[in-house]
$ cat entry_0.txt   # compact mmCIF, C-alpha atoms and all ligand atoms
# COMPACT_ATOMS: atom_id res chain seq x y z
CA LEU A 1 0.04 82.60 -29.54
CA ARG A 2 3.02 80.32 -29.32
CA SER A 3 4.74 81.87 -26.32
CA GLY A 4 2.07 80.72 -23.95
CA ARG A 5 1.42 81.97 -20.45
CA VAL A 6 3.99 84.11 -18.76
CA ASP A 7 4.33 84.67 -15.05
CA LEU A 8 2.42 87.83 -14.25
CA GLY A 9 4.41 88.25 -11.07
CA GLN A 10 7.66 88.97 -12.91
CA ARG A 11 7.38 92.51 -14.13
CA SER A 12 10.92 92.66 -15.37
CA GLU A 13 11.75 94.37 -18.61
CA THR A 14 12.65 91.01 -20.07
CA VAL A 15 9.15 89.69 -19.48
CA HIS A 16 7.62 92.91 -20.73
CA ARG A 17 9.59 92.70 -23.97
CA ALA A 18 8.72 89.03 -24.33
CA ASN A 19 5.03 89.90 -23.98
CA LEU A 20 5.31 92.55 -26.69
CA SER A 21 7.04 89.97 -28.87
CA ALA A 22 4.28 87.40 -28.25
CA ILE A 23 1.60 89.86 -29.30
CA VAL A 24 3.40 91.09 -32.41
CA ARG A 25 4.35 87.56 -33.47
CA GLY A 26 0.81 86.31 -32.91
CA ILE A 27 -0.73 89.01 -35.10
CA HIS A 28 2.07 88.82 -37.68
CA GLU A 29 1.50 85.09 -38.12
CA GLY A 30 -2.22 84.81 -37.48
CA GLY A 31 -3.64 88.10 -38.75
CA PRO A 32 -5.59 90.83 -36.92
CA MET A 33 -6.87 89.83 -33.48
CA SER A 34 -9.31 91.34 -31.03
CA ARG A 35 -8.02 92.37 -27.60
CA SER A 36 -10.10 89.52 -26.14
CA ASP A 37 -8.35 87.03 -28.46
CA LEU A 38 -5.00 88.40 -27.29
CA VAL A 39 -6.03 87.95 -23.67
CA ALA A 40 -7.13 84.38 -24.38
CA SER A 41 -4.03 83.44 -26.35
CA THR A 42 -1.39 85.00 -24.08
CA GLY A 43 -2.93 84.44 -20.68
CA LEU A 44 -2.15 88.08 -19.82
CA THR A 45 -4.71 90.28 -18.11
CA ARG A 46 -7.03 92.62 -19.98
CA SER A 47 -5.24 95.69 -18.62
CA ALA A 48 -1.80 94.29 -19.48
CA ILE A 49 -2.94 93.69 -23.07
CA ARG A 50 -4.41 97.21 -23.22
CA GLY A 51 -1.07 98.70 -22.09
CA LEU A 52 1.00 96.64 -24.51
CA VAL A 53 -1.30 97.42 -27.45
CA HIS A 54 -1.07 101.13 -26.62
CA GLU A 55 2.70 100.90 -26.70
CA LEU A 56 2.55 99.31 -30.14
CA THR A 57 0.13 101.92 -31.48
CA ASP A 58 2.17 104.77 -29.92
CA ALA A 59 5.29 103.42 -31.60
CA GLY A 60 3.40 103.32 -34.90
CA PHE A 61 3.50 99.55 -35.46
CA ALA A 62 -0.15 98.73 -34.78
CA MET A 63 -3.60 100.22 -35.22
CA GLU A 64 -6.88 99.50 -33.48
CA SER A 65 -10.10 99.49 -35.43
CA THR A 66 -13.50 100.21 -33.97
CA ALA A 67 -14.82 97.50 -31.76
CA VAL A 68 -17.10 95.02 -33.48
CA ARG A 69 -19.48 92.69 -31.74
CA LEU A 70 -18.98 89.12 -32.99
CA GLY A 71 -22.11 87.54 -31.56
CA THR A 72 -20.39 86.92 -28.23
CA PRO A 73 -21.71 88.22 -24.93
CA GLY A 74 -20.00 91.10 -23.15
CA ARG A 75 -18.51 94.33 -24.40
CA PRO A 76 -17.22 94.34 -28.00
CA SER A 77 -13.44 94.18 -28.22
CA PRO A 78 -11.29 96.43 -30.45
CA VAL A 79 -9.42 94.63 -33.23
CA VAL A 80 -5.63 95.07 -33.29
CA ARG A 81 -3.85 94.99 -36.63
CA LEU A 82 -0.24 95.67 -37.59
CA ASP A 83 0.64 98.50 -39.96
CA PRO A 84 2.35 96.73 -42.88
CA ARG A 85 4.31 99.85 -43.84
CA SER A 86 5.67 100.48 -40.35
CA ALA A 87 8.36 97.82 -40.83
CA VAL A 88 9.23 96.31 -44.20
CA VAL A 89 11.75 93.73 -45.34
CA VAL A 90 13.16 92.69 -48.69
CA GLY A 91 12.75 89.00 -49.53
CA LEU A 92 15.03 87.69 -52.27
CA GLU A 93 15.27 84.34 -54.00
CA ILE A 94 18.16 82.99 -56.06
CA LEU A 95 17.53 79.75 -57.92
CA VAL A 96 19.46 78.23 -60.82
CA ASP A 97 17.23 79.57 -63.60
CA SER A 98 15.29 82.36 -61.91
CA ILE A 99 15.60 85.20 -59.42
CA ALA A 100 12.88 87.01 -57.49
CA ALA A 101 12.51 89.98 -55.18
CA SER A 102 9.76 91.29 -52.95
CA VAL A 103 9.00 94.03 -50.48
CA VAL A 104 6.99 92.54 -47.62
CA GLY A 105 5.34 94.51 -44.85
CA LEU A 106 4.78 93.60 -41.21
CA GLY A 107 2.02 90.99 -41.04
CA GLY A 108 3.42 89.24 -44.11
CA VAL A 109 1.72 91.60 -46.56
CA VAL A 110 3.46 91.42 -49.95
CA LEU A 111 3.62 95.07 -51.03
CA ARG A 112 5.57 94.62 -54.28
CA GLU A 113 7.21 91.67 -56.03
CA ALA A 114 9.03 90.77 -59.23
CA ARG A 115 10.43 87.60 -60.75
CA ALA A 116 12.87 87.18 -63.64
CA ASP A 117 13.75 83.99 -65.48
CA ARG A 118 17.42 83.84 -66.39
CA PRO A 119 17.94 80.38 -67.93
CA GLY A 120 21.38 79.90 -69.42
CA ARG A 121 22.57 83.27 -68.02
CA ASN A 122 25.90 83.95 -66.33
CA LEU A 123 25.91 82.21 -62.94
CA GLU A 124 29.01 83.98 -61.58
CA VAL A 125 28.24 85.20 -58.05
CA ASP A 126 28.79 88.87 -58.90
CA ALA A 127 26.60 88.68 -62.00
CA VAL A 128 23.75 87.08 -60.07
CA VAL A 129 24.13 89.52 -57.16
CA GLY A 130 24.04 92.45 -59.61
CA ASP A 131 20.86 91.16 -61.27
CA VAL A 132 19.08 90.49 -57.96
CA ALA A 133 20.05 93.89 -56.55
CA GLU A 134 18.72 95.58 -59.68
CA LEU A 135 15.44 93.66 -59.43
CA ALA A 136 15.10 94.77 -55.77
CA ARG A 137 15.99 98.41 -56.53
CA ASP A 138 13.29 98.46 -59.23
CA LEU A 139 10.81 97.72 -56.41
CA ASP A 140 11.86 100.92 -54.55
CA PHE A 141 12.54 98.88 -51.45
CA ASP A 142 13.57 101.90 -49.39
CA ALA A 143 10.66 104.08 -50.52
CA ASP A 144 8.81 103.58 -47.23
CA GLY A 145 11.86 104.46 -45.13
CA THR A 146 11.17 101.63 -42.72
CA LEU A 147 13.40 98.84 -44.04
CA ILE A 148 14.47 96.61 -41.15
CA GLY A 149 16.15 93.68 -42.90
CA VAL A 150 16.85 91.62 -45.99
CA GLY A 151 16.27 87.87 -46.30
CA VAL A 152 17.71 85.72 -49.05
CA ALA A 153 16.74 82.23 -50.19
CA VAL A 154 19.44 80.56 -52.24
CA ALA A 155 19.71 77.12 -53.82
CA GLY A 156 22.81 76.19 -51.87
CA VAL A 157 24.26 75.11 -48.56
CA VAL A 158 24.48 78.17 -46.32
CA ARG A 159 26.32 79.03 -43.11
CA ARG A 160 23.62 80.98 -41.29
CA SER A 161 25.96 83.01 -39.08
CA ASP A 162 27.37 85.15 -41.91
CA GLY A 163 25.48 84.23 -45.08
CA LEU A 164 28.39 82.37 -46.63
CA VAL A 165 27.25 79.94 -49.32
CA SER A 166 29.68 77.12 -48.67
CA THR A 167 28.58 75.17 -51.72
CA ALA A 168 25.87 75.52 -54.35
CA PRO A 169 26.54 72.68 -56.81
CA ASN A 170 23.89 73.72 -59.34
CA LEU A 171 25.02 77.36 -59.32
CA GLY A 172 28.69 76.34 -59.38
CA TRP A 173 29.46 78.37 -56.22
CA ARG A 174 31.88 77.52 -53.46
CA ASP A 175 32.54 79.65 -50.35
CA ALA A 176 30.66 82.62 -51.79
CA PRO A 177 30.12 85.48 -49.27
CA LEU A 178 26.62 86.12 -50.61
CA GLY A 179 25.27 88.06 -47.62
CA ALA A 180 28.16 90.55 -47.64
CA LYS A 181 28.08 90.99 -51.41
CA LEU A 182 24.32 91.63 -51.41
CA ALA A 183 24.56 94.16 -48.58
CA ARG A 184 27.14 96.06 -50.64
CA ALA A 185 25.21 95.80 -53.91
CA LEU A 186 21.97 96.97 -52.27
CA GLY A 187 23.74 99.69 -50.29
CA VAL A 188 21.95 98.76 -47.08
CA SER A 189 23.16 98.73 -43.48
CA VAL A 190 20.33 96.51 -42.18
CA PRO A 191 21.09 92.81 -41.54
CA VAL A 192 21.13 90.50 -44.57
CA ALA A 193 20.13 86.97 -43.53
CA VAL A 194 20.78 84.13 -45.97
CA ALA A 195 19.42 80.59 -45.85
CA ASN A 196 18.80 77.60 -48.05
CA ASP A 197 15.79 77.96 -50.39
CA ALA A 198 14.08 74.75 -49.30
CA ASP A 199 14.56 75.54 -45.59
CA LEU A 200 12.80 78.85 -46.21
CA GLY A 201 10.10 77.21 -48.33
CA ALA A 202 9.44 74.96 -45.34
CA LEU A 203 9.30 77.97 -43.00
CA ALA A 204 6.80 79.77 -45.27
CA GLU A 205 4.57 76.72 -45.73
CA HIS A 206 4.64 76.19 -41.97
CA ARG A 207 3.75 79.80 -41.21
CA ARG A 208 1.33 80.61 -44.02
CA GLY A 209 0.77 77.59 -46.28
CA ALA A 210 -0.05 73.88 -46.30
CA ALA A 211 1.55 73.15 -42.91
CA VAL A 212 0.01 75.82 -40.67
CA GLY A 213 -0.48 74.38 -37.20
CA VAL A 214 1.51 71.20 -37.93
CA ASP A 215 4.67 70.86 -35.84
CA ASP A 216 6.41 67.95 -37.56
CA VAL A 217 6.75 68.64 -41.24
CA LEU A 218 9.05 67.52 -44.01
CA TYR A 219 9.18 69.88 -46.99
CA VAL A 220 10.61 68.56 -50.25
CA SER A 221 11.20 70.93 -53.09
CA GLY A 222 12.47 70.03 -56.51
CA GLU A 223 13.58 72.09 -59.47
CA VAL A 224 17.03 71.62 -61.02
CA GLY A 225 18.25 70.52 -57.60
CA VAL A 226 16.20 68.92 -54.88
CA GLY A 227 16.18 70.46 -51.42
CA GLY A 228 14.34 69.91 -48.22
CA GLY A 229 13.53 71.43 -44.93
CA ALA A 230 12.37 69.67 -41.81
CA ILE A 231 10.41 71.21 -38.95
CA VAL A 232 10.75 69.06 -35.87
CA GLY A 233 8.58 69.81 -32.87
CA GLY A 234 7.79 73.23 -34.36
CA VAL A 235 11.45 74.16 -34.77
CA PRO A 236 13.32 74.20 -38.11
CA LEU A 237 16.04 71.54 -38.18
CA GLN A 238 19.31 73.34 -38.93
CA GLY A 239 22.12 71.05 -37.90
CA ALA A 240 25.35 72.22 -36.28
CA ALA A 241 26.03 75.06 -38.76
CA GLY A 242 22.79 75.32 -40.74
CA TYR A 243 23.70 72.69 -43.33
CA ALA A 244 20.93 70.20 -42.48
CA GLY A 245 18.19 69.23 -44.91
CA GLU A 246 20.27 68.45 -48.00
CA ILE A 247 17.93 65.59 -48.86
CA GLY A 248 18.65 66.00 -52.58
CA HIS A 249 22.00 64.38 -51.82
CA LEU A 250 20.58 61.41 -49.97
CA PRO A 251 22.33 58.46 -51.64
CA VAL A 252 19.56 56.25 -53.07
CA ASN A 253 21.04 54.51 -56.11
CA PRO A 254 24.66 53.32 -55.98
CA THR A 255 24.48 52.35 -59.66
CA GLY A 256 22.82 55.63 -60.65
CA ARG A 257 23.98 58.78 -62.41
CA PRO A 258 26.76 61.12 -61.32
CA CYS A 259 25.47 64.06 -59.25
CA ARG A 260 26.57 67.70 -59.45
CA CYS A 261 27.84 67.39 -55.88
CA GLY A 262 30.49 64.87 -56.97
CA SER A 263 28.74 61.78 -55.62
CA THR A 264 26.72 59.19 -57.53
CA GLY A 265 23.05 58.25 -57.39
CA CYS A 266 21.88 61.08 -55.13
CA TRP A 267 18.09 61.43 -54.78
CA GLU A 268 18.04 64.51 -57.02
CA THR A 269 19.52 62.51 -59.91
CA GLU A 270 16.33 60.39 -59.78
CA VAL A 271 13.64 62.93 -58.86
CA GLY A 272 14.99 66.31 -60.06
CA GLU A 273 13.84 68.24 -63.12
CA GLY A 274 16.62 66.77 -65.29
CA ALA A 275 15.65 63.19 -64.40
CA LEU A 276 11.99 63.74 -65.31
CA LEU A 277 12.85 65.48 -68.58
CA ALA A 278 15.33 62.78 -69.62
CA LEU A 279 12.88 59.97 -68.80
CA ALA A 280 10.27 61.78 -70.92
CA GLY A 281 12.70 61.94 -73.86
CA ARG A 282 13.35 65.68 -73.61
CA PRO A 283 16.60 67.63 -73.14
CA ARG A 284 17.67 67.65 -69.47
CA ASP A 285 17.97 71.43 -69.54
CA ALA A 286 14.50 72.13 -71.00
CA GLY A 287 13.58 73.77 -67.68
CA ARG A 288 10.18 74.66 -66.30
CA ALA A 289 8.67 74.99 -69.80
CA GLY A 290 9.87 71.47 -70.61
CA VAL A 291 8.20 70.11 -67.47
CA ASP A 292 4.98 71.87 -68.44
CA ARG A 293 5.10 70.06 -71.78
CA VAL A 294 5.59 66.68 -70.08
CA LEU A 295 2.55 67.42 -67.91
CA GLU A 296 0.48 68.38 -70.97
CA ASP A 297 1.51 65.13 -72.69
CA ALA A 298 0.61 63.13 -69.58
CA ARG A 299 -2.81 64.76 -69.41
CA ALA A 300 -3.34 63.77 -73.04
CA GLY A 301 -2.46 60.18 -72.12
CA ASP A 302 0.98 60.02 -73.77
CA PRO A 303 2.51 56.74 -72.48
CA THR A 304 6.12 58.01 -72.38
CA ALA A 305 5.19 61.03 -70.26
CA VAL A 306 2.97 58.94 -67.96
CA ALA A 307 5.74 56.36 -67.49
CA ALA A 308 8.34 59.07 -66.81
CA LEU A 309 6.17 60.63 -64.12
CA SER A 310 5.41 57.30 -62.53
CA GLN A 311 9.13 56.46 -62.44
CA VAL A 312 9.90 59.78 -60.74
CA GLY A 313 7.00 59.11 -58.34
CA ARG A 314 8.47 55.73 -57.50
CA TRP A 315 11.86 57.27 -56.61
CA LEU A 316 10.12 60.02 -54.67
CA GLY A 317 8.33 57.34 -52.66
CA ILE A 318 11.54 55.40 -52.03
CA GLY A 319 13.36 58.46 -50.65
CA LEU A 320 10.34 59.62 -48.68
CA ALA A 321 9.95 56.19 -47.09
CA GLY A 322 13.42 56.51 -45.57
CA LEU A 323 12.88 60.08 -44.47
CA VAL A 324 9.50 59.27 -42.92
CA ASN A 325 11.10 56.40 -41.00
CA VAL A 326 13.79 58.73 -39.67
CA LEU A 327 11.77 61.89 -38.97
CA ASN A 328 8.21 60.65 -38.27
CA PRO A 329 6.50 63.74 -39.77
CA ASP A 330 2.73 64.31 -39.68
CA LEU A 331 2.91 65.96 -43.04
CA VAL A 332 5.11 65.84 -46.14
CA VAL A 333 4.71 68.98 -48.26
CA LEU A 334 5.85 68.75 -51.87
CA GLY A 335 6.99 72.13 -53.22
CA ALA A 336 8.08 73.70 -56.52
CA MET A 337 8.17 71.18 -59.39
CA HIS A 338 7.09 68.40 -57.04
CA ALA A 339 3.90 70.34 -56.23
CA ARG A 340 3.15 70.69 -59.94
CA ILE A 341 3.65 66.99 -60.69
CA HIS A 342 1.84 65.85 -57.50
CA PRO A 343 -1.41 64.80 -59.26
CA PHE A 344 0.62 62.46 -61.51
CA VAL A 345 2.96 61.00 -58.91
CA HIS A 346 0.98 60.70 -55.71
CA GLN A 347 -0.22 57.14 -56.40
CA SER A 348 3.34 55.90 -57.00
CA ILE A 349 4.47 57.70 -53.86
CA GLU A 350 1.74 56.14 -51.71
CA LEU A 351 2.53 52.69 -53.13
CA GLU A 352 6.22 52.96 -52.18
CA LEU A 353 5.36 54.37 -48.76
CA ASP A 354 3.03 51.40 -48.16
CA ARG A 355 5.78 49.05 -49.23
CA ARG A 356 8.75 50.56 -47.40
CA THR A 357 7.67 52.63 -44.41
CA LEU A 358 7.31 51.24 -40.90
CA ALA A 359 3.65 50.79 -40.00
CA ALA A 360 3.43 53.32 -37.16
CA PRO A 361 4.90 56.40 -38.93
CA ARG A 362 3.16 55.32 -42.16
CA SER A 363 -0.24 55.44 -40.52
CA LEU A 364 0.31 59.05 -39.42
CA VAL A 365 1.84 60.71 -42.46
CA ARG A 366 0.03 62.57 -45.23
CA VAL A 367 1.68 63.77 -48.45
CA VAL A 368 0.25 67.02 -49.87
CA PRO A 369 1.27 69.64 -52.44
CA ALA A 370 2.49 73.04 -51.22
CA THR A 371 -0.06 75.85 -51.34
CA LEU A 372 2.15 78.95 -51.65
CA GLY A 373 3.31 78.08 -55.16
CA PRO A 374 6.71 79.10 -56.50
CA ASN A 375 6.95 82.06 -54.12
CA ALA A 376 7.36 79.96 -50.97
CA PRO A 377 11.17 80.37 -50.63
CA MET A 378 10.95 84.12 -51.23
CA LEU A 379 8.16 84.48 -48.64
CA GLY A 380 10.24 82.39 -46.23
CA ALA A 381 13.19 84.74 -46.85
CA ALA A 382 10.98 87.66 -45.83
CA GLU A 383 9.95 85.80 -42.66
CA LEU A 384 13.64 85.19 -41.87
CA ALA A 385 14.31 88.93 -42.22
CA PHE A 386 11.44 89.74 -39.84
CA GLU A 387 12.74 87.39 -37.15
CA PRO A 388 14.90 89.88 -35.17
CA PHE A 389 11.97 92.31 -35.06
CA LEU A 390 9.48 89.63 -34.02
CA SER A 391 11.82 88.42 -31.27
CA ASP A 392 12.13 91.89 -29.72
CA PRO A 393 9.96 94.60 -31.28
CA ALA A 394 10.78 96.97 -28.42
CA ALA A 395 14.32 97.28 -29.78
CA TRP A 396 12.80 99.20 -32.70
CA PHE A 397 10.93 101.71 -30.52
CA SER A 398 12.98 104.79 -31.24
CA GLY A 399 13.35 107.59 -28.72
CA ARG A 400 11.31 105.71 -26.17
CA ASP A 401 12.61 104.24 -22.95
CA VAL A 402 10.79 100.95 -22.93
CA SER A 403 11.66 100.20 -19.32
CA LEU A 404 9.66 103.26 -18.21
CA ARG A 405 6.56 101.64 -19.64
CA VAL A 406 6.87 98.45 -17.64
CA ALA A 407 4.80 99.77 -14.75
CA SER A 408 1.82 100.50 -17.01
CA ALA A 409 1.92 97.06 -18.63
ZN ZN A 501 24.55 64.83 -54.87

$ encode --input "entry_0.txt" --output "structure tokens"
Amino acid sequence: LRSGRVDLGQRSETVHRANLSAIVRGIHEGGPMSRSDLVASTGLTRSAIRGLVHELTDAGFAMESTAVRLGTPGRPSPVVRLDPRSAVVVGLEILVDSIAASVVGLGGVVLREARADRPGRNLEVDAVVGDVAELARDLDFDADGTLIGVGVAVAGVVRRSDGLVSTAPNLGWRDAPLGAKLARALGVSVPVAVANDADLGALAEHRRGAAVGVDDVLYVSGEVGVGGGAIVGGVPLQGAAGYAGEIGHLPVNPTGRPCRCGSTGCWETEVGEGALLALAGRPRDAGRAGVDRVLEDARAGDPTAVAALSQVGRWLGIGLAGLVNVLNPDLVVLGAMHARIHPFVHQSIELELDRRTLAAPRSLVRVVPATLGPNAPMLGAAELAFEPFLSDPAAWFSGRDVSLRVASA
């Protein structure tokens, strides 16, 4: 567990609630654990763990299965698991040509999910909000009666405090109150947390994908736009207002193409979907299907497709070299389209990294494709929605005076 050892001497309610949080977070992120594992990972005593686990089972959030002996000496230890239906969230994703919705249970269990492509459809905020809300309602998100939050991943720059999308160049949005509009459209009173899609992709890959256990990670995710999320020392880099990570608008080519953001030669104009498609001689708006065709051609040895991919790989490597020099990550995770093209671009990337990165950070960094596939931002949105619960599960214990239980824990 991440929270580490807590001072057993301080039996304040604050410590008690922090201990509950450590246990719930540990099982939510790492899966079912035996009581002995919980003792080992929290540093709490056996009896403290027993008391805390009983509180969680009494409140209906956890279950204990029969003790199993795992070849270790001593008494077998009961395994504690979370009940996925005891607290559920809605995870939503809004990209330029697709939307997705999911109902995710405690422990990160995806209970139901749906995705809809909407290329060339109306991108007005209200139209998109209406479509996403409908997709979520079709999943019966309130059927379990235990909805605790909604998380939204959107391809834009988001002010975390209120879910305002300050700008989303590829959606054409400016100062859109997305969180408030979604709460209204869904008819929910639970919190609606909104964040950038790549930031949430990074969170999901860190928690459940390619970057589990790695504390310094750069996530790069390309579709129509190119986004990124950095995890620095285990903590997502947000910037002063949550706007950090807009690596798609890193200026890399002063003589390049105009960007949707109003600048020229941003990284996404060289490594985004449109750039790859144009280099391969296809319409810039041919979308995911167009990229699939470029990859098919490349597999068949078509020189135009191979050259287009290698050019995109070169620009990926140039941008990554700068970012690696600045951030010194252990791992670069390529998501979305960049995960799909990884087999065709990784040599060009490595070449540019060798050429342009300082020796010390270069020797540490590995570049790998994401493992959660296209769902990473949506899964990250669900994780965002779980955050208030994970930070203080006791706040959700209804009709129970938590402070009375302190003595027993
Ligand atoms: Zn730009």

$ closest_atom_pairs --input "entry_0.txt" --of "chain A" --to "ligand ZN 501 (chain A)" --cutoff "6 Å" --atoms "all atoms listed in the file" --output "Markdown table"
| residue | atom | partner | partner_atom | distance |
| --- | --- | --- | --- | --- |
| A:His249 | CA | A:ZN501 | ZN | 4.0 |
| A:Cys259 | CA | A:ZN501 | ZN | 4.5 |
| A:Arg260 | CA | A:ZN501 | ZN | 5.8 |
| A:Cys261 | CA | A:ZN501 | ZN | 4.3 |
| A:Ser263 | CA | A:ZN501 | ZN | 5.2 |
| A:Cys266 | CA | A:ZN501 | ZN | 4.6 |

$ closest_residue --input "entry_0.txt" --among "A:Gly105, A:Gly234, A:Gly262, A:Pro78" --to "Gly91 (chain A)" --atoms "all atoms listed in the file"
A:Gly105

$ closest_residue --input "entry_0.txt" --among "A:Pro84, A:Gly265, A:Gly317, A:Gly130" --to "Ile99 (chain A)" --atoms "all atoms listed in the file"
A:Gly130

$ residues_around --input "entry_0.txt" --residues "Gln238 (chain A)" --least-positions-apart "2" --cutoff "12 Å" --atoms "only C-alpha atoms" --output "list in words"
Val157, Val158, Arg159, Arg160, Ser161, Ala195, Asn196, Ala198, Asp199, Leu200, Ala202, Leu203, Gly228, Gly229, Ala230, Ile231, Val232, Val235, Pro236, Ala240, Ala241, Gly242, Tyr243, Ala244, Gly245 and Glu246 of chain A

$ residues_around --input "entry_0.txt" --residues "Thr264 (chain A)" --least-positions-apart "6" --cutoff "12 Å" --atoms "all atoms listed in the file" --output "list in words"
Gly248, His249, Leu250, Pro251, Val252, Asn253, Pro254, Thr255, Gly256, Arg257, Pro258 and Glu270 of chain A

$ atom_distance --input "entry_0.txt" --atom1 "CA of Ala280 (chain A)" --atom2 "CA of Val306 (chain A)"
8.4 Å

$ closest_residue --input "entry_0.txt" --among "A:Ala382, A:Leu277, A:Leu309, A:Val224" --to "Ala87 (chain A)" --atoms "all atoms listed in the file"
A:Ala382

$ residues_around --input "entry_0.txt" --residues "Ala305 (chain A)" --least-positions-apart "5" --cutoff "8 Å" --atoms "only C-alpha atoms" --output "list in words"
Leu279, Ala280, Val294, Leu295, Asp297 and Ala298 of chain A

$ residues_near_point --input "entry_0.txt" --point "(14.9, 62.2, -69.6)" --cutoff "12 Å" --atoms "all atoms listed in the file" --output "list in words"
Thr269, Glu270, Val271, Gly272, Glu273, Gly274, Ala275, Leu276, Leu277, Ala278, Leu279, Ala280, Gly281, Arg282, Pro283, Arg284, Asp285, Ala286, Gly287, Gly290, Val291, Val294, Thr304, Ala305, Ala307, Ala308, Leu309, Gln311 and Val312 of chain A

$ closest_residue --input "entry_0.txt" --among "A:Leu353, A:Met378, A:Leu123, A:Leu38" --to "Asn19 (chain A)" --atoms "only C-alpha atoms"
A:Leu38

$ atom_distance --input "entry_0.txt" --atom1 "CA of Ala289 (chain A)" --atom2 "CA of Ala336 (chain A)"
13.4 Å

$ atom_distance --input "entry_0.txt" --atom1 "CA of Ala339 (chain A)" --atom2 "CA of Asp302 (chain A)"
20.6 Å

$ closest_atom_pairs --input "entry_0.txt" --of "region 286-339 of chain A" --to "region 217-223 of chain A" --cutoff "9 Å" --atoms "all atoms listed in the file" --output "CSV"
residue,atom,partner,partner_atom,distance
A:Gly287,CA,A:Glu223,CA,8.4
A:Arg288,CA,A:Glu223,CA,8.1
A:Leu323,CA,A:Leu218,CA,8.4
A:Val324,CA,A:Leu218,CA,8.3
A:Leu327,CA,A:Leu218,CA,8.0
A:Asn328,CA,A:Val217,CA,8.6
A:Pro329,CA,A:Val217,CA,5.1
A:Asp330,CA,A:Val217,CA,6.1
A:Leu331,CA,A:Val217,CA,5.0
A:Val332,CA,A:Leu218,CA,4.8
A:Val333,CA,A:Tyr219,CA,4.7
A:Leu334,CA,A:Val220,CA,5.0
A:Gly335,CA,A:Ser221,CA,4.4
A:Ala336,CA,A:Ser221,CA,5.4
A:Met337,CA,A:Gly222,CA,5.3
A:His338,CA,A:Gly222,CA,5.6
A:Ala339,CA,A:Ser221,CA,8.0

$ closest_residue --input "entry_0.txt" --among "A:Ala321, A:Ala101, A:Leu379, A:Leu92" --to "Arg356 (chain A)" --atoms "only C-alpha atoms"
A:Ala321

$ closest_residue --input "entry_0.txt" --among "A:Val15, A:Pro303, A:Ala133, A:Ile49" --to "Asp37 (chain A)" --atoms "all atoms listed in the file"
A:Ile49
